[in-house]
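Asker: Hey, dropping work07.txt in here, compact mmCIF, C-alpha atoms:
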```txt
# COMPACT_ATOMS: atom_id res chain seq x y z
CA MET A 1478 14.39 -20.46 -5.67
CA VAL A 1479 13.37 -17.93 -3.06
CA GLU A 1480 15.35 -17.97 0.18
CA TRP A 1481 13.42 -17.42 3.39
CA THR A 1482 15.04 -16.73 6.74
CA ASP A 1483 13.59 -18.31 9.88
CA GLU A 1484 12.43 -14.88 10.99
CA GLU A 1485 10.56 -14.33 7.73
CA ARG A 1486 8.85 -17.72 7.91
CA ALA A 1487 7.88 -17.09 11.52
CA ALA A 1488 6.53 -13.61 10.77
CA ILE A 1489 4.44 -14.78 7.82
CA SER A 1490 3.04 -17.77 9.75
CA ASP A 1491 2.26 -15.57 12.72
CA ILE A 1492 0.39 -13.06 10.56
CA PHE A 1493 -1.69 -15.78 8.88
CA SER A 1494 -2.53 -17.33 12.24
CA LYS A 1495 -4.22 -14.06 13.22
CA LEU A 1496 -6.38 -13.82 10.12
CA ASP A 1497 -10.06 -14.66 9.86
CA TYR A 1498 -10.11 -15.41 6.13
CA ASP A 1499 -13.76 -14.42 5.72
CA GLU A 1500 -13.23 -11.06 7.42
CA VAL A 1501 -9.90 -10.18 5.87
CA GLY A 1502 -10.81 -11.53 2.43
CA GLN A 1503 -13.96 -9.41 2.27
CA LYS A 1504 -12.21 -6.30 3.54
CA CYS A 1505 -9.24 -6.68 1.22
CA LEU A 1506 -11.15 -7.31 -2.00
CA SER A 1507 -13.77 -4.64 -1.37
CA ARG A 1508 -11.08 -2.10 -0.47
CA CYS A 1509 -9.32 -2.85 -3.76
CA LEU A 1510 -12.54 -2.39 -5.76
CA ILE A 1511 -13.25 0.93 -3.99
CA VAL A 1512 -9.76 2.44 -3.97
CA TYR A 1513 -8.90 1.25 -7.50
CA PRO A 1514 -12.30 1.24 -9.23
CA TRP A 1515 -10.95 0.07 -12.58
CA THR A 1516 -10.37 -3.34 -10.98
CA GLN A 1517 -14.17 -3.72 -11.01
CA ARG A 1518 -13.84 -4.62 -14.70
CA TYR A 1519 -13.20 -8.23 -13.69
CA PHE A 1520 -16.32 -8.50 -11.57
CA GLY A 1521 -19.09 -7.79 -14.08
CA ALA A 1522 -20.98 -10.90 -13.00
CA PHE A 1523 -20.84 -10.10 -9.30
CA GLY A 1524 -23.96 -7.98 -9.04
CA ASN A 1525 -24.21 -4.53 -7.47
CA LEU A 1526 -20.89 -2.69 -7.31
CA TYR A 1527 -22.49 0.71 -7.76
CA ASN A 1528 -20.95 2.43 -4.75
CA ALA A 1529 -18.74 1.73 -1.76
CA GLU A 1530 -21.67 0.65 0.40
CA ALA A 1531 -22.91 -1.80 -2.24
CA ILE A 1532 -19.43 -3.25 -2.62
CA MET A 1533 -18.94 -3.63 1.14
CA ASN A 1534 -22.30 -5.45 1.45
CA ASN A 1535 -21.98 -7.61 -1.67
CA PRO A 1536 -22.06 -11.31 -0.66
CA LEU A 1537 -20.40 -12.51 -3.90
CA ILE A 1538 -17.47 -10.19 -3.28
CA ALA A 1539 -17.21 -11.41 0.30
CA LYS A 1540 -17.21 -15.02 -0.89
CA HIS A 1541 -14.53 -14.28 -3.45
CA GLY A 1542 -12.41 -12.56 -0.81
CA THR A 1543 -12.39 -15.82 1.14
CA THR A 1544 -11.39 -17.69 -2.04
CA VAL A 1545 -8.42 -15.35 -2.50
CA LEU A 1546 -7.25 -15.84 1.10
CA ARG A 1547 -7.52 -19.62 0.75
CA GLY A 1548 -5.38 -19.30 -2.36
CA LEU A 1549 -2.78 -17.39 -0.37
CA GLU A 1550 -2.83 -20.12 2.25
CA ARG A 1551 -1.71 -22.55 -0.44
CA ALA A 1552 1.33 -20.36 -1.01
CA LEU A 1553 1.93 -20.23 2.76
CA ASN A 1554 1.90 -24.03 2.89
CA ASN A 1555 4.28 -24.31 -0.07
CA MET A 1556 6.63 -21.42 0.56
CA ASP A 1557 9.60 -23.18 -0.98
CA ASP A 1558 7.88 -23.66 -4.32
CA ILE A 1559 5.25 -21.00 -4.78
CA LYS A 1560 6.04 -20.74 -8.49
CA ASN A 1561 4.96 -24.30 -9.26
CA THR A 1562 2.15 -24.30 -6.70
CA TYR A 1563 0.64 -21.35 -8.60
CA ALA A 1564 1.29 -22.54 -12.16
CA GLU A 1565 -2.35 -23.48 -12.79
CA LEU A 1566 -3.64 -20.34 -11.09
CA SER A 1567 -1.37 -18.27 -13.29
CA VAL A 1568 -2.73 -19.90 -16.43
CA LEU A 1569 -6.28 -19.36 -15.14
CA HIS A 1570 -5.71 -15.64 -14.49
CA SER A 1571 -4.04 -15.16 -17.86
CA GLU A 1572 -5.98 -17.36 -20.29
CA LYS A 1573 -9.45 -17.44 -18.76
CA LEU A 1574 -9.81 -14.38 -16.54
CA HIS A 1575 -7.54 -12.07 -18.59
CA VAL A 1576 -6.47 -10.11 -15.54
CA ASP A 1577 -3.82 -7.42 -16.09
CA PRO A 1578 -0.99 -8.55 -13.76
CA ASP A 1579 -0.57 -4.98 -12.46
CA ASN A 1580 -3.79 -5.61 -10.57
CA PHE A 1581 -2.15 -8.31 -8.43
CA LYS A 1582 0.05 -5.66 -6.86
CA LEU A 1583 -2.95 -3.41 -6.17
CA LEU A 1584 -4.77 -6.23 -4.35
CA SER A 1585 -1.65 -7.18 -2.43
CA ASP A 1586 -1.19 -3.55 -1.28
CA CYS A 1587 -4.78 -3.54 -0.03
CA LEU A 1588 -4.17 -6.79 1.86
CA THR A 1589 -1.09 -5.27 3.55
CA ILE A 1590 -3.17 -2.27 4.59
CA VAL A 1591 -6.07 -4.38 5.91
CA ILE A 1592 -3.60 -6.40 7.98
CA ALA A 1593 -1.97 -3.21 9.29
CA ALA A 1594 -5.43 -2.01 10.34
CA LYS A 1595 -6.04 -5.33 12.09
CA MET A 1596 -2.71 -5.72 13.84
CA GLY A 1597 -1.86 -2.08 14.56
CA THR A 1598 1.76 -1.50 15.50
CA THR A 1599 2.28 -5.23 16.19
CA PHE A 1600 2.54 -5.25 12.40
CA THR A 1601 6.13 -4.06 12.81
CA PRO A 1602 8.34 -2.81 9.96
CA GLU A 1603 10.07 -6.23 9.99
CA TYR A 1604 6.73 -8.05 9.79
CA GLN A 1605 5.70 -5.73 6.96
CA ALA A 1606 8.97 -6.46 5.11
CA SER A 1607 8.49 -10.25 5.44
CA PHE A 1608 4.84 -10.12 4.44
CA GLN A 1609 5.44 -7.85 1.46
CA LYS A 1610 8.26 -10.17 0.33
CA PHE A 1611 5.81 -13.08 0.52
CA LEU A 1612 3.21 -11.14 -1.46
CA SER A 1613 5.74 -10.12 -4.10
CA VAL A 1614 6.70 -13.78 -4.61
CA VAL A 1615 3.00 -14.64 -4.93
CA VAL A 1616 2.44 -11.81 -7.43
CA SER A 1617 5.45 -12.89 -9.47
CA ALA A 1618 4.26 -16.53 -9.53
CA LEU A 1619 0.78 -15.45 -10.64
CA GLY A 1620 2.29 -13.57 -13.55
CA LYS A 1621 4.69 -16.32 -14.57
CA GLN A 1622 2.51 -18.12 -17.12
CA TYR A 1623 1.42 -15.00 -19.00
CA HIS A 1624 2.68 -14.88 -22.59
CA MET B 1497 -7.46 11.61 -11.11
CA SER B 1498 -7.82 15.10 -9.66
CA LEU B 1499 -9.26 15.85 -6.24
CA SER B 1500 -12.99 16.47 -5.97
CA ALA B 1501 -14.47 18.61 -3.21
CA LYS B 1502 -15.46 15.37 -1.44
CA ASP B 1503 -11.90 14.06 -1.67
CA LYS B 1504 -10.54 17.26 -0.12
CA ALA B 1505 -13.09 17.10 2.70
CA LYS B 1506 -12.21 13.47 3.45
CA VAL B 1507 -8.48 14.21 3.48
CA LYS B 1508 -9.03 17.14 5.86
CA ALA B 1509 -11.18 14.98 8.13
CA ILE B 1510 -8.64 12.16 8.55
CA TRP B 1511 -5.79 14.68 8.73
CA GLY B 1512 -7.46 16.17 11.79
CA LYS B 1513 -6.91 12.81 13.49
CA ILE B 1514 -3.39 12.35 12.10
CA LEU B 1515 -2.08 15.79 13.12
CA PRO B 1516 -1.81 15.23 16.91
CA LYS B 1517 0.28 12.10 16.26
CA SER B 1518 2.06 13.54 13.26
CA ASP B 1519 5.65 13.21 14.58
CA GLU B 1520 5.16 9.57 15.54
CA ILE B 1521 3.41 8.71 12.29
CA GLY B 1522 6.12 10.42 10.23
CA GLU B 1523 8.82 8.50 12.06
CA GLN B 1524 6.96 5.21 11.62
CA ALA B 1525 6.38 5.80 7.89
CA LEU B 1526 10.00 6.67 7.19
CA SER B 1527 11.27 3.75 9.32
CA ARG B 1528 9.08 1.34 7.43
CA MET B 1529 10.24 2.75 4.11
CA VAL B 1530 13.94 2.10 4.84
CA VAL B 1531 13.25 -1.37 6.32
CA VAL B 1532 10.75 -2.65 3.75
CA TYR B 1533 12.40 -0.93 0.74
CA PRO B 1534 16.11 -0.94 1.64
CA GLN B 1535 17.06 0.61 -1.70
CA THR B 1536 15.63 3.91 -0.40
CA LYS B 1537 18.52 4.09 2.08
CA ALA B 1538 20.65 5.15 -0.87
CA TYR B 1539 19.33 8.69 -0.44
CA PHE B 1540 20.39 8.91 3.20
CA SER B 1541 24.03 7.84 3.08
CA HIS B 1542 24.94 11.21 4.61
CA TRP B 1543 22.99 10.46 7.80
CA ALA B 1544 24.70 9.13 10.93
CA SER B 1545 22.01 6.44 11.08
CA VAL B 1546 19.02 5.18 9.10
CA ALA B 1547 17.84 2.91 11.88
CA PRO B 1548 14.14 3.08 12.78
CA GLY B 1549 13.72 5.45 15.71
CA SER B 1550 17.12 7.10 15.24
CA ALA B 1551 17.47 10.88 15.53
CA PRO B 1552 17.88 11.62 11.80
CA VAL B 1553 14.86 9.43 10.93
CA LYS B 1554 12.73 11.14 13.61
CA LYS B 1555 13.77 14.60 12.46
CA HIS B 1556 13.13 13.90 8.81
CA GLY B 1557 9.77 12.28 9.56
CA ILE B 1558 8.73 15.53 11.27
CA THR B 1559 9.98 17.62 8.33
CA ILE B 1560 8.00 15.55 5.83
CA MET B 1561 4.79 15.52 7.89
CA ASN B 1562 4.96 19.29 8.43
CA GLN B 1563 5.16 19.77 4.69
CA ILE B 1564 2.29 17.37 4.02
CA ASP B 1565 0.29 19.30 6.63
CA GLU B 1566 0.83 22.49 4.66
CA CYS B 1567 -0.18 20.66 1.49
CA VAL B 1568 -3.47 19.67 3.13
CA GLY B 1569 -4.09 23.40 3.54
CA ASN B 1570 -3.19 24.07 -0.10
CA MET B 1571 -4.95 21.29 -1.95
CA ASP B 1572 -6.45 23.76 -4.42
CA ASN B 1573 -3.06 24.67 -5.88
CA LEU B 1574 -0.53 21.99 -5.04
CA VAL B 1575 1.63 22.60 -8.11
CA ASP B 1576 2.15 26.29 -7.30
CA PHE B 1577 2.48 25.67 -3.58
CA LEU B 1578 5.16 22.99 -4.07
CA SER B 1579 7.05 24.85 -6.78
CA LYS B 1580 10.19 25.54 -4.71
CA LEU B 1581 10.19 22.09 -3.11
CA SER B 1582 9.84 20.58 -6.56
CA GLU B 1583 12.88 22.54 -7.74
CA LEU B 1584 14.82 21.27 -4.74
CA HIS B 1585 13.88 17.65 -5.45
CA ALA B 1586 14.57 18.08 -9.16
CA THR B 1587 17.91 19.82 -9.10
CA LYS B 1588 19.51 19.03 -5.78
CA LEU B 1589 17.97 15.92 -4.22
CA ARG B 1590 17.11 14.18 -7.49
CA VAL B 1591 14.95 11.58 -5.79
CA ASP B 1592 13.50 9.19 -8.36
CA PRO B 1593 9.74 9.85 -8.32
CA THR B 1594 8.97 6.12 -7.84
CA ASN B 1595 10.05 6.69 -4.26
CA PHE B 1596 7.21 9.13 -3.65
CA LYS B 1597 4.82 6.21 -4.27
CA ILE B 1598 6.81 4.07 -1.86
CA LEU B 1599 6.67 6.66 0.92
CA ALA B 1600 2.96 7.24 0.26
CA HIS B 1601 2.29 3.49 0.61
CA ASN B 1602 4.12 3.35 3.93
CA LEU B 1603 2.34 6.43 5.22
CA ILE B 1604 -0.97 4.78 4.35
CA VAL B 1605 0.05 1.54 6.13
CA VAL B 1606 0.85 3.54 9.30
CA VAL B 1607 -2.38 5.55 9.13
CA ALA B 1608 -4.34 2.27 8.75
CA ALA B 1609 -2.50 0.83 11.75
CA TYR B 1610 -3.24 3.89 13.90
CA PHE B 1611 -6.81 4.54 12.76
CA PRO B 1612 -8.32 1.19 11.70
CA ALA B 1613 -11.92 2.31 12.18
CA GLU B 1614 -11.59 5.78 10.64
CA PHE B 1615 -9.44 4.80 7.67
CA THR B 1616 -12.35 3.40 5.66
CA PRO B 1617 -11.96 2.41 1.99
CA GLU B 1618 -13.52 5.76 0.95
CA ILE B 1619 -11.11 7.76 3.06
CA HIS B 1620 -8.26 5.56 1.79
CA LEU B 1621 -9.29 6.36 -1.79
CA SER B 1622 -9.19 10.13 -1.19
CA VAL B 1623 -5.89 9.99 0.71
CA ASP B 1624 -4.36 7.84 -2.04
CA LYS B 1625 -5.46 10.39 -4.66
CA PHE B 1626 -4.14 13.29 -2.55
CA LEU B 1627 -0.72 11.69 -2.08
CA GLN B 1628 -0.59 10.89 -5.78
CA GLN B 1629 -1.35 14.54 -6.64
CA LEU B 1630 1.26 15.64 -4.12
CA ALA B 1631 3.83 13.35 -5.76
CA LEU B 1632 2.97 14.69 -9.21
CA ALA B 1633 3.33 18.28 -8.00
CA LEU B 1634 6.66 17.40 -6.40
CA ALA B 1635 7.90 15.95 -9.68
CA GLU B 1636 6.59 18.89 -11.73
CA LYS B 1637 9.99 20.58 -12.21
CA TYR B 1638 11.93 17.38 -12.94
CA ARG B 1639 12.03 17.84 -16.71
```
What would you get if you wrote out this structure as structure tokens?

Answerer:
Amino acid sequence: MVEWTDEERAAISDIFSKLDYDEVGQKCLSRCLIVYPWTQRYFGAFGNLYNAEAIMNNPLIAKHGTTVLRGLERALNNMDDIKNTYAELSVLHSEKLHVDPDNFKLLSDCLTIVIAAKMGTTFTPEYQASFQKFLSVVVSALGKQYH
Amino acid sequence: MSLSAKDKAKVKAIWGKILPKSDEIGEQALSRMVVVYPQTKAYFSHWASVAPGSAPVKKHGITIMNQIDECVGNMDNLVDFLSKLSELHATKLRVDPTNFKILAHNLIVVVAAYFPAEFTPEIHLSVDKFLQQLALALAEKYR
């Protein structure tokens, strides 16, 4: 089981409290699709991803960004058992969506960067450490059911 | 994933903003690296301190940023330009190249924090490619 210090829990809660899921979700997912274009392979049914502008203005991508952030909120609310909380999601990503688990890390890096842009230097090194630890637990849980 | 003319232009553009705050940004990036990825401290056991904001961290942040600055001016031939530095990293420092990715990530986090409006996804893409090319050039002499 993952051990969380009080400081880590506080940092992660504080960060989430500052997030507008619609805004951050859209920014994070579109940044991932632009910076790592091969990730677009999973979004064939999402309409126009032809260039950065199209991606940034794509309403289906924006909607999916919100979905991803809501998913992360579930992990936030179940920090002591993210592995089991995400069991179904892991099966979904593996068996139905066939997402290469390396992509989870790419998206999580983009989320870290979007949050850094939002919070500026109030996103301290300690906050970054706590948040990246949270994301790495999430990424690991998402990959757990792959076989 | 080599650098197009557009990539180079974008890197130069954002670098123009980064340069005046280069010392601070270098210090921030290095501090984050040792805090968020504590295993990287292994390379700095000879320093008096690895604490964020300490003198050795500040000094080394400046050293790194000065070198990256020169790389921005030599994007057309990074491998040749970094030949000696690559030898140093290969034979003397022997830094595992995974760590170049780690430092690049932290540098990008700091740049995003300092320039949220300017560090658009397209600029991010070009900077990511540039730092990746830099890392490859730095690892060129490893084996």

Asker: Do me a favour and pick out the residues of chain A within 9 Å of chain B, using all atoms listed in the file, as a PyMOL selection string.

Answerer: chain A and resi 1504+1507-1509+1511-1513+1529+1586+1589-1603+1605-1607+1609-1610

Asker: Hey, can you check how far atom CA of B:Asp1592 sits from atom CA of A:Trp1481?

Answerer: 29.1 Å

Asker: In Å to one decimal, how far is atom CA of B:Tyr1539 from atom CA of B:Val1507?

Answerer: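 If I compute the distance from atom CA of B:Val1507 to atom CA of B:Tyr1539, I get 28.6 Å.
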
Asker: With distances taken over all atoms listed in the file, which of B:Met1497, B:Leu1634, B:Ala1551, B:Ala1538 is nearest to B:Ser1582?

Answerer: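 Answer, going by the shortest atom-to-atom distance: B:Leu1634.
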
Asker: Write out as a PyMOL selection string each polymer residue whose atoms come within 12 Å of A:Thr1516, counting all atoms listed in the file; drop sequence neighbours fewer than 2 positions from it.

Answerer: chain A and resi 1506-1514+1518-1521+1526+1575-1584

Asker: Listed atoms of stretch 1484-1497 of chain A, axis-aligned box, 6 Å per side: centre and edge lengths to one decimal in Å, as AutoDock Vina command-line options?

Answerer:
```
--center_x 1.2 --center_y -15.4 --center_z 10.5 --size_x 34.5 --size_y 16.7 --size_z 17.5
```

Asker: Just the residues within 9 Å of B:Cys1567, please, counting only C-alpha atoms, with nothing from its chain fewer than 4 positions along; format it as a list in words.

Answerer: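 Counting only the stated atoms, we get Asn1562, Gln1563, Met1571, Asn1573, Leu1574, Phe1577, Leu1578 and Leu1630 of chain B.
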
Asker: Taking 2 positions as the minimum chain separation for residues in the same chain, which residues sit within 9 Å of B:Ser1498 when counting only C-alpha atoms? Answer as a list in words.

Answerer: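 Answer for this query is Ser1500, Lys1625, Phe1626 and Gln1629 of chain B.
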
Asker: What is the atom CA of A:Arg1547 to atom CA of A:Asp1499 distance in Å?

Answerer: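 These two atoms are separated by 9.5 Å.
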
Asker: Name all residues at most 10 Å from B:Asp1572 (count all atoms listed in the file; drop same-chain ones fewer than 6 positions away) and give them as an NGL selection string.

Answerer: :B and (1499-1501 or 1504)

Asker: Name the residues, using the chain letters and numbers of the file, that sit within 10 Å of (-2.2, 12.6, 11.3) when counting all atoms listed in the file, and give them as a compact mmCIF listing (two decimals) with C-alpha atoms, keeping the file's coordinate frame.

Answerer:
```txt
# COMPACT_ATOMS: atom_id res chain seq x y z
CA LYS B 1508 -9.03 17.14 5.86
CA ALA B 1509 -11.18 14.98 8.13
CA ILE B 1510 -8.64 12.16 8.55
CA TRP B 1511 -5.79 14.68 8.73
CA GLY B 1512 -7.46 16.17 11.79
CA LYS B 1513 -6.91 12.81 13.49
CA ILE B 1514 -3.39 12.35 12.10
CA LEU B 1515 -2.08 15.79 13.12
CA PRO B 1516 -1.81 15.23 16.91
CA LYS B 1517 0.28 12.10 16.26
CA SER B 1518 2.06 13.54 13.26
CA ASP B 1519 5.65 13.21 14.58
CA GLU B 1520 5.16 9.57 15.54
CA ILE B 1521 3.41 8.71 12.29
CA GLY B 1522 6.12 10.42 10.23
CA MET B 1561 4.79 15.52 7.89
CA ILE B 1564 2.29 17.37 4.02
CA ASP B 1565 0.29 19.30 6.63
CA LEU B 1603 2.34 6.43 5.22
CA VAL B 1606 0.85 3.54 9.30
CA VAL B 1607 -2.38 5.55 9.13
CA TYR B 1610 -3.24 3.89 13.90
CA PHE B 1611 -6.81 4.54 12.76
```

Asker: Which of these residues is nearest to A:Lys1573, using only C-alpha atoms: A:Gly1542, A:Tyr1623, A:Ser1494, A:Asn1528?

Answerer: A:Tyr1623

Asker: Counting all atoms listed in the file, what is within 9 Å of A:Met1478, bar same-chain residues fewer than 6 positions away, as a PyMOL selection string?

Answerer: chain A and resi 1557-1558+1560

Asker: Please, could you write that set of residues out with C-alpha atoms as a CSV table (one decimal), keeping the file's coordinate frame?

Answerer:
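Written output follows (selection-v6.csv):
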```
chain,number,residue,atom,x,y,z
A,1557,ASP,CA,9.6,-23.2,-1.0
A,1558,ASP,CA,7.9,-23.7,-4.3
A,1560,LYS,CA,6.0,-20.7,-8.5
```

Asker: Could you pull stretch 1513-1530 of chain A out of the structure I just pasted and write it to a file containing N, CA, C and O atoms, as a CSV table (one decimal), in the first residue's frame?

Answerer:
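Contents of part-v8.csv, freshly written:
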```csv
chain,number,residue,atom,x,y,z
A,1513,TYR,N,3.0,15.4,-28.2
A,1513,TYR,CA,3.3,14.0,-28.5
A,1513,TYR,C,2.2,13.5,-29.5
A,1513,TYR,O,1.3,12.8,-29.1
A,1514,PRO,N,2.4,13.9,-30.7
A,1514,PRO,CA,1.3,13.7,-31.7
A,1514,PRO,C,0.9,12.2,-31.9
A,1514,PRO,O,-0.2,12.0,-32.3
A,1515,TRP,N,1.8,11.3,-31.6
A,1515,TRP,CA,1.4,9.9,-31.8
A,1515,TRP,C,0.3,9.5,-30.9
A,1515,TRP,O,-0.4,8.5,-31.2
A,1516,THR,N,0.1,10.2,-29.8
A,1516,THR,CA,-1.0,9.9,-28.9
A,1516,THR,C,-2.4,10.2,-29.6
A,1516,THR,O,-3.4,9.7,-29.1
A,1517,GLN,N,-2.4,10.9,-30.7
A,1517,GLN,CA,-3.6,11.1,-31.4
A,1517,GLN,C,-4.2,9.8,-32.0
A,1517,GLN,O,-5.4,9.7,-32.3
A,1518,ARG,N,-3.4,8.7,-32.0
A,1518,ARG,CA,-3.9,7.5,-32.5
A,1518,ARG,C,-5.1,7.0,-31.8
A,1518,ARG,O,-5.9,6.2,-32.4
A,1519,TYR,N,-5.3,7.4,-30.6
A,1519,TYR,CA,-6.4,6.9,-29.8
A,1519,TYR,C,-7.7,7.7,-29.9
A,1519,TYR,O,-8.7,7.5,-29.3
A,1520,PHE,N,-7.6,8.8,-30.7
A,1520,PHE,CA,-8.7,9.7,-30.8
A,1520,PHE,C,-9.2,9.9,-32.3
A,1520,PHE,O,-9.6,10.9,-32.7
A,1521,GLY,N,-9.2,8.8,-33.0
A,1521,GLY,CA,-9.6,8.8,-34.4
A,1521,GLY,C,-11.1,9.2,-34.6
A,1521,GLY,O,-11.4,9.8,-35.6
A,1522,ALA,N,-11.9,9.0,-33.5
A,1522,ALA,CA,-13.3,9.3,-33.6
A,1522,ALA,C,-13.6,10.7,-33.1
A,1522,ALA,O,-14.8,11.1,-33.0
A,1523,PHE,N,-12.6,11.5,-32.8
A,1523,PHE,CA,-12.8,12.8,-32.2
A,1523,PHE,C,-12.9,14.0,-33.1
A,1523,PHE,O,-12.9,15.1,-32.7
A,1524,GLY,N,-12.9,13.7,-34.4
A,1524,GLY,CA,-13.1,14.8,-35.3
A,1524,GLY,C,-11.7,15.4,-35.7
A,1524,GLY,O,-10.7,14.8,-35.8
A,1525,ASN,N,-11.7,16.7,-35.9
A,1525,ASN,CA,-10.6,17.4,-36.5
A,1525,ASN,C,-9.4,17.6,-35.5
A,1525,ASN,O,-9.5,18.4,-34.5
A,1526,LEU,N,-8.3,16.9,-35.8
A,1526,LEU,CA,-7.1,17.1,-35.0
A,1526,LEU,C,-6.0,17.5,-35.9
A,1526,LEU,O,-4.8,17.2,-35.6
A,1527,TYR,N,-6.3,18.2,-36.9
A,1527,TYR,CA,-5.3,18.4,-38.0
A,1527,TYR,C,-4.1,19.2,-37.6
A,1527,TYR,O,-3.0,19.0,-38.1
A,1528,ASN,N,-4.4,20.2,-36.8
A,1528,ASN,CA,-3.2,21.0,-36.3
A,1528,ASN,C,-3.5,21.5,-34.9
A,1528,ASN,O,-4.6,21.2,-34.4
A,1529,ALA,N,-2.6,22.2,-34.4
A,1529,ALA,CA,-2.7,22.6,-33.0
A,1529,ALA,C,-3.9,23.4,-32.7
A,1529,ALA,O,-4.6,23.2,-31.7
A,1530,GLU,N,-4.3,24.3,-33.6
A,1530,GLU,CA,-5.4,25.2,-33.5
A,1530,GLU,C,-6.7,24.3,-33.4
A,1530,GLU,O,-7.6,24.5,-32.6
```
